[in-house]
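> For reference, the structure I am asking about is given below.
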Amino acid sequence: MDAQASPHNSLNIAIVLALAAAVCVPLFFLPPAAVPWVLGSIGALAGGLLLIHYGNLLTLLLVWLAVASVFSTFFWTLEVPGFFNLTADRILLVGIVALFVIAVFLGRVQLRWPPVVGTILVLLVGWCALAAQLGGWRASPMLDAQVAIGPPYYRFFAGFLFPAAVFFMAVCAVRNERQIRTLLTFFTLFGLYLTIVGLGEKFGWDALVWPKYILDPTLGIHQERVRGPFLNAPDMGLTLVICLFANLLLASKTRFWLAIPIVLISLPLPLLIAWTLTRSIWLAFLVCSLVAIWLWPRTRHIRYVLTMLLVAGLVVAVAVNWDRLTSPQRERGGVTAKEPIINRTELAMVSLELAADHPLAGVGLGRFQEAAGQSERMRRIASPAATYGSYAVEHNNFLSMLAETGVVGAAAYLMLVFGLLAVSIRLYRIIPPTAVGYFDRRFVVFFWIVWTAFFIDSMFRLTTSSPFPNGMFLLTGGLVVGLYHQLRPQPTGLAPGRTAVSHAVRSADRPGAAR
């Protein structure tokens, strides 16, 4: 699948070098203070081109995921008058998109268009942009900065536009199964970083916590929980769940001397997941564990044994923490706390009321907090909605889409989420059970784990306001879609011990093979 050197590519390289030389000419006319920034941008562009030429685009996308979580708006923000605020992750992704366009021009990346899922995603992003335009891109002055979850333009960029760009680039980035190893290794290293930070938060070891804004109690929410650089516990827990199962899959495919340290650094992850004190994350962890137990092992006996061990561990954990779990105080981990349950129930009723009043286009992307305050249910002074739901956001992605973007946006979002699942099921059926290597059926099961964790989490909170969970979900989904479209033309019969990707690469490199 890698593009072969050709006179056409050589001509493209010459054109790009000429353009680079032309860009350097204005340096002589720029103020001296601006020259280092321009040179740094050119250097970053050249470095990215070298990485794409000798490496792969997926590495850059994974770097963006890390930057979007660690170097967020709390780390650095540049306010530009009359324009959107600039952050490190936004600037980096714009640069990656530019590199992607150049790489396509040079023939290093081949464009792939997933006709169904791609069309749904484009329609979803376009409809969200229309909803934001109708409601306004800026936050309402009626909402205090402390309660506003973010301006609509941030919701659009973080929740839809940027993750969509990552998805399409991931579809085109698939070359070989070594990239799957890169993906799993990223989650292992990122999980190790989150483990160090989480332990530092839990036990007060401030020296282990970086960036230091994590320790600022005035920033973010869930200060009493393990929340990491995301500054909220659910994002931290969701990422830890994904990292744990990525570690287990990577350890099963590496040599013994590498598998041992991977397993060892995975041991604290279940504890950190528990310390997020987030019920949706606990539920996601249990369901994902069952998915892994019943779909990863090849023998039935191992599945039974692992299931019994999981149940035994769950019983012991509940027994040891019974007082905490039954506590009415949410900050202690009490699952019987009534306020969050009433809050979500009342917000769901408010969302349905808003959807009934604005069925087609909703109240506008990112306008739920403003519109909910004007709803009939909220205006009842003594109602549970007014008591528990004031200034809150809808804690369900699908109801949020229904209230803010109407039936069209909610339907497109549902079709996207379940469309990715449908493609992964078809990919699973294409891959023979005898396929080995990093890309086999167990990798597709890993995506099902990502899908399950994301779906469960999105049923109990709003995730379309954060770039990392959406970017992580659509990046892994883009790899699955890209692999499916790469493998689809080839026959399903492979010899035992043959990797699925290697077969597809050989088939695609034949003269006249479908691209």
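Order determines the names: the first chain of the structure tokens is A, the second B, and so forth; residues in each chain are numbered 1 upward, and ligands are numbered 1 upward as they are shown.
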Select from region 53-75 of chain A every residue with an atom at most 12 Å from any atom of region 174-196 of chain A, then for each give the shortest pair of atoms and their distance in Å to one decimal, using only C-alpha atoms, rows by chain and rising number, as a tab-separated table.

residue	atom	partner	partner_atom	distance
A:Gly55	CA	A:Gln179	CA	9.8
A:Asn56	CA	A:Gln179	CA	8.0
A:Leu57	CA	A:Val174	CA	8.6
A:Leu58	CA	A:Gln179	CA	7.2
A:Thr59	CA	A:Thr182	CA	7.5
A:Leu60	CA	A:Thr182	CA	11.1
A:Leu61	CA	A:Leu183	CA	10.0
A:Leu62	CA	A:Phe186	CA	7.2
A:Val63	CA	A:Phe186	CA	8.9
A:Trp64	CA	A:Phe186	CA	11.5
A:Leu65	CA	A:Phe186	CA	9.8
A:Ala66	CA	A:Phe190	CA	7.6
A:Val67	CA	A:Phe190	CA	11.1
A:Ser69	CA	A:Phe190	CA	10.3
A:Val70	CA	A:Leu194	CA	10.1
> With a distance cut-off of 8 Å and only C-alpha atoms, select the neighbouring residues of region 263-278 of chain A, excluding the residue or stretch itself and same-chain residues fewer than 4 positions from it, and output the selection as an MDAnalysis selection string.
chainID A and resid 192 195 198:199 202 225:227 233:234 236:237 240:241 244 247:248 251 259 282 330:333
> Please produce a file of the residues just selected, as an mmCIF file, in the first residue's frame, where the atoms kept are C-alpha atoms.

data_model
loop_
_atom_site.group_PDB
_atom_site.id
_atom_site.type_symbol
_atom_site.label_atom_id
_atom_site.label_comp_id
_atom_site.auth_asym_id
_atom_site.auth_seq_id
_atom_site.Cartn_x
_atom_site.Cartn_y
_atom_site.Cartn_z
ATOM 1 C CA LEU A 192 1.605 4.679 32.394
ATOM 2 C CA THR A 195 -1.053 5.941 36.415
ATOM 3 C CA GLY A 198 -3.366 9.332 39.339
ATOM 4 C CA LEU A 199 -1.267 7.878 42.143
ATOM 5 C CA LYS A 202 -4.634 9.999 45.301
ATOM 6 C CA ARG A 225 -11.534 12.233 42.771
ATOM 7 C CA VAL A 226 -8.742 11.000 40.536
ATOM 8 C CA ARG A 227 -9.253 13.187 37.459
ATOM 9 C CA ALA A 233 -13.076 11.938 36.609
ATOM 10 C CA PRO A 234 -15.183 10.309 33.820
ATOM 11 C CA MET A 236 -9.897 9.874 33.271
ATOM 12 C CA GLY A 237 -11.790 6.656 33.978
ATOM 13 C CA LEU A 240 -7.915 4.156 31.955
ATOM 14 C CA VAL A 241 -10.381 1.465 30.884
ATOM 15 C CA LEU A 244 -6.017 -1.402 30.535
ATOM 16 C CA ASN A 247 -2.155 -3.309 27.661
ATOM 17 C CA LEU A 248 -3.622 -6.800 27.923
ATOM 18 C CA ALA A 251 1.075 -8.140 26.293
ATOM 19 C CA ALA A 259 4.854 -8.835 28.404
ATOM 20 C CA TRP A 282 -17.458 1.201 36.886
ATOM 21 C CA ARG A 330 -21.266 10.992 46.256
ATOM 22 C CA GLU A 331 -17.720 12.154 46.975
ATOM 23 C CA ARG A 332 -17.151 8.967 48.985
ATOM 24 C CA GLY A 333 -18.269 6.781 46.092
#
> So that I can see what lies close to Phe468 (chain A), please list as a list in words the residues with an atom at most 9 Å from it, counting only C-alpha atoms and leaving out residues fewer than 4 positions away in the same chain.
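Residues near the query, excluding close chain neighbours: Leu65, Ala66, Ala68, Ser69, Ala158, Gly159, Pro163, Phe230, Asp235, Thr239, Met472 and Phe473 of chain A.
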> Nearest to Pro151 (chain A): which of A:Leu231, A:Val94, A:Leu365, A:Ile342 is it, counting only C-alpha atoms?
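Of A:Leu231, A:Val94, A:Leu365, A:Ile342, the one nearest Pro151 (chain A) is A:Leu365, counting only C-alpha atoms.
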> Need to verify the contact set: region 404-419 of chain A, 7 Å, only C-alpha atoms, exclusion of same-chain residues closer than 6 positions in sequence. Can you return it as a JSON list (two decimals) with all heavy atoms, in the first residue's frame?

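Done, and the output landed in part.json:
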[["chain", "number", "residue", "atom", "x", "y", "z"],
["A", 117, "VAL", "N", -20.50, 5.50, 6.21],
["A", 117, "VAL", "CA", -20.13, 6.16, 7.45],
["A", 117, "VAL", "C", -19.58, 7.56, 7.18],
["A", 117, "VAL", "O", -19.88, 8.51, 7.91],
["A", 117, "VAL", "CB", -19.10, 5.31, 8.22],
["A", 117, "VAL", "CG1", -18.64, 6.03, 9.49],
["A", 117, "VAL", "CG2", -19.68, 3.96, 8.58],
["A", 120, "ILE", "N", -22.49, 9.94, 6.50],
["A", 120, "ILE", "CA", -23.21, 10.23, 7.74],
["A", 120, "ILE", "C", -22.43, 11.23, 8.59],
["A", 120, "ILE", "O", -23.00, 12.19, 9.14],
["A", 120, "ILE", "CB", -23.46, 8.93, 8.53],
["A", 120, "ILE", "CG1", -24.43, 8.03, 7.77],
["A", 120, "ILE", "CG2", -24.01, 9.25, 9.91],
["A", 120, "ILE", "CD1", -24.60, 6.66, 8.40],
["A", 121, "LEU", "N", -21.12, 11.04, 8.69],
["A", 121, "LEU", "CA", -20.30, 11.94, 9.52],
["A", 121, "LEU", "C", -20.27, 13.35, 8.93],
["A", 121, "LEU", "O", -20.37, 14.34, 9.67],
["A", 121, "LEU", "CB", -18.88, 11.38, 9.63],
["A", 121, "LEU", "CG", -17.92, 12.16, 10.54],
["A", 121, "LEU", "CD1", -18.51, 12.36, 11.93],
["A", 121, "LEU", "CD2", -16.58, 11.45, 10.62],
["A", 124, "LEU", "N", -23.54, 14.92, 9.72],
["A", 124, "LEU", "CA", -23.62, 15.27, 11.14],
["A", 124, "LEU", "C", -22.86, 16.55, 11.44],
["A", 124, "LEU", "O", -23.39, 17.45, 12.12],
["A", 124, "LEU", "CB", -23.06, 14.12, 11.98],
["A", 124, "LEU", "CG", -22.94, 14.38, 13.48],
["A", 124, "LEU", "CD1", -24.31, 14.62, 14.10],
["A", 124, "LEU", "CD2", -22.24, 13.21, 14.18],
["A", 127, "TRP", "N", -24.72, 19.52, 9.91],
["A", 127, "TRP", "CA", -25.93, 19.87, 10.64],
["A", 127, "TRP", "C", -25.61, 20.55, 11.97],
["A", 127, "TRP", "O", -26.30, 21.49, 12.38],
["A", 127, "TRP", "CB", -26.79, 18.63, 10.87],
["A", 127, "TRP", "CG", -28.16, 18.97, 11.40],
["A", 127, "TRP", "CD1", -28.57, 18.89, 12.69],
["A", 127, "TRP", "CD2", -29.27, 19.44, 10.64],
["A", 127, "TRP", "NE1", -29.88, 19.28, 12.79],
["A", 127, "TRP", "CE2", -30.34, 19.63, 11.55],
["A", 127, "TRP", "CE3", -29.47, 19.72, 9.29],
["A", 127, "TRP", "CZ2", -31.59, 20.09, 11.13],
["A", 127, "TRP", "CZ3", -30.71, 20.17, 8.88],
["A", 127, "TRP", "CH2", -31.75, 20.36, 9.79],
["A", 128, "CYS", "N", -24.55, 20.08, 12.65],
["A", 128, "CYS", "CA", -24.13, 20.72, 13.89],
["A", 128, "CYS", "C", -23.66, 22.16, 13.63],
["A", 128, "CYS", "O", -23.92, 23.06, 14.44],
["A", 128, "CYS", "CB", -23.01, 19.92, 14.55],
["A", 128, "CYS", "SG", -23.56, 18.35, 15.27],
["A", 131, "ALA", "N", -26.78, 24.17, 13.24],
["A", 131, "ALA", "CA", -27.41, 24.41, 14.53],
["A", 131, "ALA", "C", -26.66, 25.46, 15.33],
["A", 131, "ALA", "O", -27.27, 26.30, 16.02],
["A", 131, "ALA", "CB", -27.50, 23.10, 15.31],
["A", 355, "ALA", "N", -37.03, 19.25, 22.93],
["A", 355, "ALA", "CA", -37.11, 18.59, 21.63],
["A", 355, "ALA", "C", -38.52, 18.68, 21.07],
["A", 355, "ALA", "O", -38.71, 18.83, 19.84],
["A", 355, "ALA", "CB", -36.67, 17.14, 21.75],
["A", 358, "HIS", "N", -38.85, 22.23, 19.75],
["A", 358, "HIS", "CA", -37.97, 22.51, 18.60],
["A", 358, "HIS", "C", -37.57, 21.18, 17.96],
["A", 358, "HIS", "O", -36.41, 20.75, 18.07],
["A", 358, "HIS", "CB", -36.74, 23.28, 19.04],
["A", 358, "HIS", "CG", -37.02, 24.52, 19.84],
["A", 358, "HIS", "ND1", -37.27, 24.50, 21.19],
["A", 358, "HIS", "CD2", -37.12, 25.83, 19.45],
["A", 358, "HIS", "CE1", -37.49, 25.73, 21.61],
["A", 358, "HIS", "NE2", -37.42, 26.55, 20.58],
["A", 359, "PRO", "N", -38.48, 20.52, 17.29],
["A", 359, "PRO", "CA", -38.21, 19.14, 16.84],
["A", 359, "PRO", "C", -37.19, 19.03, 15.71],
["A", 359, "PRO", "O", -36.47, 18.04, 15.63],
["A", 359, "PRO", "CB", -39.59, 18.65, 16.38],
["A", 359, "PRO", "CG", -40.33, 19.89, 16.02],
["A", 359, "PRO", "CD", -39.84, 20.95, 16.95],
["A", 360, "LEU", "N", -37.11, 19.99, 14.82],
["A", 360, "LEU", "CA", -36.28, 19.84, 13.63],
["A", 360, "LEU", "C", -34.81, 20.18, 13.89],
["A", 360, "LEU", "O", -33.93, 19.34, 13.70],
["A", 360, "LEU", "CB", -36.82, 20.71, 12.49],
["A", 360, "LEU", "CG", -36.06, 20.58, 11.15],
["A", 360, "LEU", "CD1", -36.13, 19.15, 10.65],
["A", 360, "LEU", "CD2", -36.63, 21.55, 10.13],
["A", 361, "ALA", "N", -34.54, 21.41, 14.32],
["A", 361, "ALA", "CA", -33.16, 21.87, 14.47],
["A", 361, "ALA", "C", -32.74, 22.06, 15.91],
["A", 361, "ALA", "O", -31.59, 22.43, 16.17],
["A", 361, "ALA", "CB", -32.96, 23.19, 13.71],
["A", 362, "GLY", "N", -33.61, 21.80, 16.87],
["A", 362, "GLY", "CA", -33.25, 21.94, 18.27],
["A", 362, "GLY", "C", -33.10, 23.39, 18.70],
["A", 362, "GLY", "O", -33.45, 24.32, 17.97],
["A", 363, "VAL", "N", -32.57, 23.58, 19.88],
["A", 363, "VAL", "CA", -32.41, 24.93, 20.43],
["A", 363, "VAL", "C", -31.08, 25.55, 20.04],
["A", 363, "VAL", "O", -30.81, 26.71, 20.36],
["A", 363, "VAL", "CB", -32.53, 24.90, 21.97],
["A", 363, "VAL", "CG1", -33.90, 24.41, 22.39],
["A", 363, "VAL", "CG2", -31.43, 24.04, 22.59],
["A", 364, "GLY", "N", -30.24, 24.80, 19.33],
["A", 364, "GLY", "CA", -28.93, 25.31, 18.93],
["A", 364, "GLY", "C", -27.82, 24.58, 19.65],
["A", 364, "GLY", "O", -27.92, 24.29, 20.85],
["A", 365, "LEU", "N", -26.77, 24.25, 18.93],
["A", 365, "LEU", "CA", -25.65, 23.51, 19.52],
["A", 365, "LEU", "C", -25.04, 24.30, 20.67],
["A", 365, "LEU", "O", -24.71, 25.48, 20.53],
["A", 365, "LEU", "CB", -24.59, 23.24, 18.44],
["A", 365, "LEU", "CG", -23.41, 22.37, 18.89],
["A", 365, "LEU", "CD1", -23.87, 20.95, 19.17],
["A", 365, "LEU", "CD2", -22.31, 22.37, 17.82],
["A", 366, "GLY", "N", -24.90, 23.64, 21.82],
["A", 366, "GLY", "CA", -24.31, 24.29, 22.98],
["A", 366, "GLY", "C", -25.23, 25.25, 23.69],
["A", 366, "GLY", "O", -24.77, 26.03, 24.55],
["A", 367, "ARG", "N", -26.53, 25.22, 23.40],
["A", 367, "ARG", "CA", -27.49, 26.16, 23.99],
["A", 367, "ARG", "C", -28.41, 25.51, 25.01],
["A", 367, "ARG", "O", -29.40, 26.12, 25.42],
["A", 367, "ARG", "CB", -28.34, 26.78, 22.87],
["A", 367, "ARG", "CG", -27.58, 27.65, 21.91],
["A", 367, "ARG", "CD", -27.11, 28.93, 22.58],
["A", 367, "ARG", "NE", -26.21, 29.69, 21.74],
["A", 367, "ARG", "CZ", -25.63, 30.81, 22.12],
["A", 367, "ARG", "NH1", -25.84, 31.28, 23.33],
["A", 367, "ARG", "NH2", -24.81, 31.45, 21.31],
["A", 368, "PHE", "N", -28.10, 24.30, 25.45],
["A", 368, "PHE", "CA", -29.00, 23.61, 26.37],
["A", 368, "PHE", "C", -29.14, 24.35, 27.70],
["A", 368, "PHE", "O", -30.24, 24.51, 28.22],
["A", 368, "PHE", "CB", -28.51, 22.18, 26.63],
["A", 368, "PHE", "CG", -29.37, 21.42, 27.59],
["A", 368, "PHE", "CD1", -30.50, 20.75, 27.16],
["A", 368, "PHE", "CD2", -29.06, 21.37, 28.95],
["A", 368, "PHE", "CE1", -31.32, 20.05, 28.04],
["A", 368, "PHE", "CE2", -29.86, 20.67, 29.84],
["A", 368, "PHE", "CZ", -30.99, 20.02, 29.38],
["A", 398, "PHE", "N", -27.16, 11.35, 23.50],
["A", 398, "PHE", "CA", -28.24, 11.25, 22.52],
["A", 398, "PHE", "C", -29.36, 12.23, 22.83],
["A", 398, "PHE", "O", -29.91, 12.87, 21.92],
["A", 398, "PHE", "CB", -28.74, 9.81, 22.49],
["A", 398, "PHE", "CG", -27.65, 8.81, 22.22],
["A", 398, "PHE", "CD1", -27.09, 8.07, 23.25],
["A", 398, "PHE", "CD2", -27.16, 8.64, 20.93],
["A", 398, "PHE", "CE1", -26.07, 7.18, 23.00],
["A", 398, "PHE", "CE2", -26.14, 7.74, 20.68],
["A", 398, "PHE", "CZ", -25.59, 7.01, 21.72]]
